Amino acid sequence: MLSKEDNDLLTRVSHGAPMGRMMKQHWWIPAALSDKLEADGKPLRVRLFGENYVAFRATGGKVGFFDEACPHRGASMALARNEDNALRCIYHGWKFSVEGVTVAVPTQPANEAEYCKHVPLKHYPVREEAGIVWVWLGEGDTPPKFPELPFVGLPRENFVVFRQKVNANWLQGVETTMDSAHLGVLHQSWLKGFGDIEFSSANMAPVYHLATKPFGFRYAAVRQLKDARAYVRTNSFVMPWYGIVSPNDTEVKGGSIFFSVPIDDENIWYWQMTYRSSEKLVPNKTHHFSDADSWPPLPPGPPEDNWGQDREAMKNGHFTGFTQMLGTEDFAVIMSMGPISDRTKEYLGAGDGAVLAVRRCLMSALREFIAGQVPALARHEQIDYLQTPPVSRVVSSEAEWRAFL
Ligand code: FES
Ligand SMILES: [Fe+2]
């Protein structure tokens, strides 16, 4: 249970709320799928932390990232012409290079060059990595070091990345990623189909063993098997929103990374990347989508219709009645909590250890940020992000899995 003040501090990210300011200052933000930006193509409207931006790929391939409103009189730069390594606003023709330099103000009859120098265009540093356009939205000139998460530098065929827009606060997304206890319940109808060892022969309630780390924490979820061995999955929480989750297949090197990036206080982009460290990713049925910006499917109905839950399917053996995709089940439950879950009314148990640990990390970083410090969990130069490989293994002794932590 949280106080209302703490729930507000943790969840609110727009309108200058400290959590939003901290995230923008100290972390790179996943903003768009690289594939959605075409050189000289349509600019993309991007909303993050309750603010509107525009991203575009210039003639030479570089990505630019500006405030959406033209600095002149606020026409949307998403309507701009994208040509000649610049955006040209269609209203009065002001032109801004991909580097963020104002290069033409045709409505200024004299001293145009001098006038250009003072146009307050807001533009932001961008980096492309792992099929994603990342942006730094902080104050000042020096972006933080880019975190060397496990997907950095992987060849394109080693990963798949997609996202969905979900009407829920960002913390609900992160908490469901780290909440391993729900897998064997909420997703049981799906996991049967994957032939997963965990749920066919182990009990549903894992025992969590947490280890704090410079990037957040890591935990082993240990499930005793009938034959005295244990099935162990180690997952990591990497600030401020990454859940790095082990694969179901114990033979595989790689995992899935989920991140819930705030569009505003009540909406997120729920991202998922599944990757293999040293081999090509063989797509499974969860990777067959037509639009990477809209996957997995949202629950098919409105709240008035119980989000489109299929009671007939439940009668016929489906546990949740959300037969669309495994992720649809996550979306249904996090949307059903309301746009911002009221954590003053929750009642937590032993299975919620990882959820509590997420909140502790965020809150400790936020206290440091409010006190004017760089949060310890954001000192990227000192953090070894490669300590995060997810492991999923059947082991015969505690010493064996302790070594994975
Ligand atoms: S509003 Fe963009 S040039 Fe005038
Ligand atoms: Fe889930």
# chains A, B, ... in the order shown; residues from 1 in each chain; ligands from 1
>>> residues_around(residues="stretch 292-300 of chain A", least_positions_apart="2", cutoff="9 Å", atoms="only C-alpha atoms", output="PyMOL selection string")
chain A and resi 32-33+36+161-166+271+286-287+289-290+302+307-309+322+324-329+331-332
>>> residues_around(residues="stretch 20-29 of chain A", least_positions_apart="4", cutoff="8 Å", atoms="only C-alpha atoms", output="PyMOL selection string")
chain A and resi 12-14+16+49+134-139+143-144+146+240+261+366+369+374+378
>>> atom_distance(atom1="atom CA of A:Cys70", atom2="atom CA of A:Trp269")
24.9 Å
>>> residues_near_ligand(ligand="ligand 1", cutoff="7 Å", atoms="only C-alpha atoms and all ligand atoms", output="MDAnalysis selection string")
chainID A and resid 70:75 89:94
>>> residues_near_ligand(ligand="ligand 2", cutoff="8 Å", atoms="only C-alpha atoms and all ligand atoms", output="PyMOL selection string")
chain A and resi 176-177+179-180+182-183+186-187+326-327+329-330
>>> atom_distance(atom1="atom CA of A:Pro147", atom2="atom CA of A:Glu381")
8.7 Å
>>> closest_residue(among="A:Lys192, A:Asn52, A:Val391, A:Ala104", to="A:Arg88", atoms="only C-alpha atoms")
A:Ala104
>>> residues_around(residues="A:Met239", least_positions_apart="3", cutoff="7 Å", atoms="only C-alpha atoms", output="ChimeraX atom specification")
/A:215-216,242,377
>>> closest_residue(among="A:Phe319, A:Phe259, A:Trp170, A:Tyr270", to="A:Ser341", atoms="only C-alpha atoms")
A:Trp170
>>> residues_around(residues="stretch 54-66 of chain A", least_positions_apart="3", cutoff="6 Å", atoms="only C-alpha atoms", output="NGL selection string")
:A and (37-40 or 43-46 or 84-85 or 98 or 122-124)
>>> select_by_dssp(residues="stretch 9-172 of chain A", states="helix (DSSP H, G or I)", output="compact mmCIF listing (two decimals) with N, CA and C atoms, in the first residue's frame")
# COMPACT_ATOMS: atom_id res chain seq x y z
N LEU A 9 3.77 10.85 -6.58
CA LEU A 9 5.19 11.06 -6.94
C LEU A 9 5.67 10.01 -7.93
N LEU A 10 5.25 8.77 -7.72
CA LEU A 10 5.72 7.68 -8.59
C LEU A 10 5.08 7.71 -9.96
N THR A 11 3.82 8.09 -10.01
CA THR A 11 3.08 7.89 -11.27
C THR A 11 3.05 9.11 -12.17
N PRO A 18 8.10 15.83 -10.79
CA PRO A 18 9.51 15.46 -10.62
C PRO A 18 9.89 14.14 -11.29
N MET A 19 9.02 13.14 -11.27
CA MET A 19 9.38 11.86 -11.90
C MET A 19 9.65 12.06 -13.40
N GLY A 20 8.81 12.83 -14.05
CA GLY A 20 9.00 13.09 -15.48
C GLY A 20 10.28 13.87 -15.73
N ARG A 21 10.53 14.88 -14.88
CA ARG A 21 11.76 15.68 -15.07
C ARG A 21 12.99 14.81 -14.87
N MET A 22 12.94 13.92 -13.88
CA MET A 22 14.09 13.05 -13.63
C MET A 22 14.34 12.11 -14.82
N MET A 23 13.26 11.51 -15.32
CA MET A 23 13.43 10.57 -16.44
C MET A 23 14.00 11.28 -17.65
N LYS A 24 13.49 12.47 -17.93
CA LYS A 24 13.95 13.21 -19.11
C LYS A 24 15.41 13.63 -18.96
N GLN A 25 15.78 13.99 -17.73
CA GLN A 25 17.14 14.48 -17.52
C GLN A 25 18.19 13.37 -17.57
N HIS A 26 17.86 12.23 -16.99
CA HIS A 26 18.91 11.24 -16.73
C HIS A 26 18.85 9.97 -17.58
N SER A 34 12.43 3.06 -35.72
CA SER A 34 13.26 3.58 -36.83
C SER A 34 12.60 3.37 -38.19
N ASP A 35 11.97 2.20 -38.37
CA ASP A 35 11.39 1.85 -39.66
C ASP A 35 10.24 2.79 -40.08
N LYS A 36 9.69 3.51 -39.11
CA LYS A 36 8.54 4.37 -39.43
C LYS A 36 8.98 5.71 -40.01
N MET A 77 4.71 21.13 -37.05
CA MET A 77 5.83 20.78 -37.93
C MET A 77 5.64 19.39 -38.55
N ALA A 78 4.61 18.66 -38.09
CA ALA A 78 4.30 17.39 -38.75
C ALA A 78 3.76 17.65 -40.16
N LEU A 79 3.25 18.86 -40.38
CA LEU A 79 2.75 19.23 -41.71
C LEU A 79 3.84 19.77 -42.62
N GLU A 112 17.93 38.71 -42.84
CA GLU A 112 17.38 37.36 -42.60
C GLU A 112 18.38 36.48 -41.83
N ALA A 113 19.64 36.52 -42.25
CA ALA A 113 20.64 35.65 -41.63
C ALA A 113 20.77 35.96 -40.14
N GLU A 114 20.79 37.20 -39.80
CA GLU A 114 20.91 37.61 -38.40
C GLU A 114 19.66 37.19 -37.61
N TYR A 115 18.50 37.38 -38.25
CA TYR A 115 17.23 37.01 -37.61
C TYR A 115 17.19 35.51 -37.32
N CYS A 116 17.67 34.71 -38.28
CA CYS A 116 17.67 33.25 -38.14
C CYS A 116 18.39 32.80 -36.87
N ARG A 156 20.31 -6.73 -37.14
CA ARG A 156 18.86 -6.59 -37.27
C ARG A 156 18.12 -7.92 -37.19
N GLU A 157 18.74 -9.00 -37.69
CA GLU A 157 18.01 -10.28 -37.70
C GLU A 157 18.01 -10.97 -36.33
N ASN A 158 18.69 -10.38 -35.34
CA ASN A 158 18.72 -11.00 -34.01
C ASN A 158 17.60 -10.54 -33.09
N TRP A 170 2.24 4.56 -16.69
CA TRP A 170 3.47 3.85 -17.02
C TRP A 170 3.87 2.84 -15.95
N LEU A 171 3.59 3.16 -14.67
CA LEU A 171 4.04 2.25 -13.60
C LEU A 171 3.26 0.94 -13.62
N GLN A 172 2.01 0.99 -14.06
CA GLN A 172 1.25 -0.26 -14.19
C GLN A 172 1.91 -1.19 -15.21
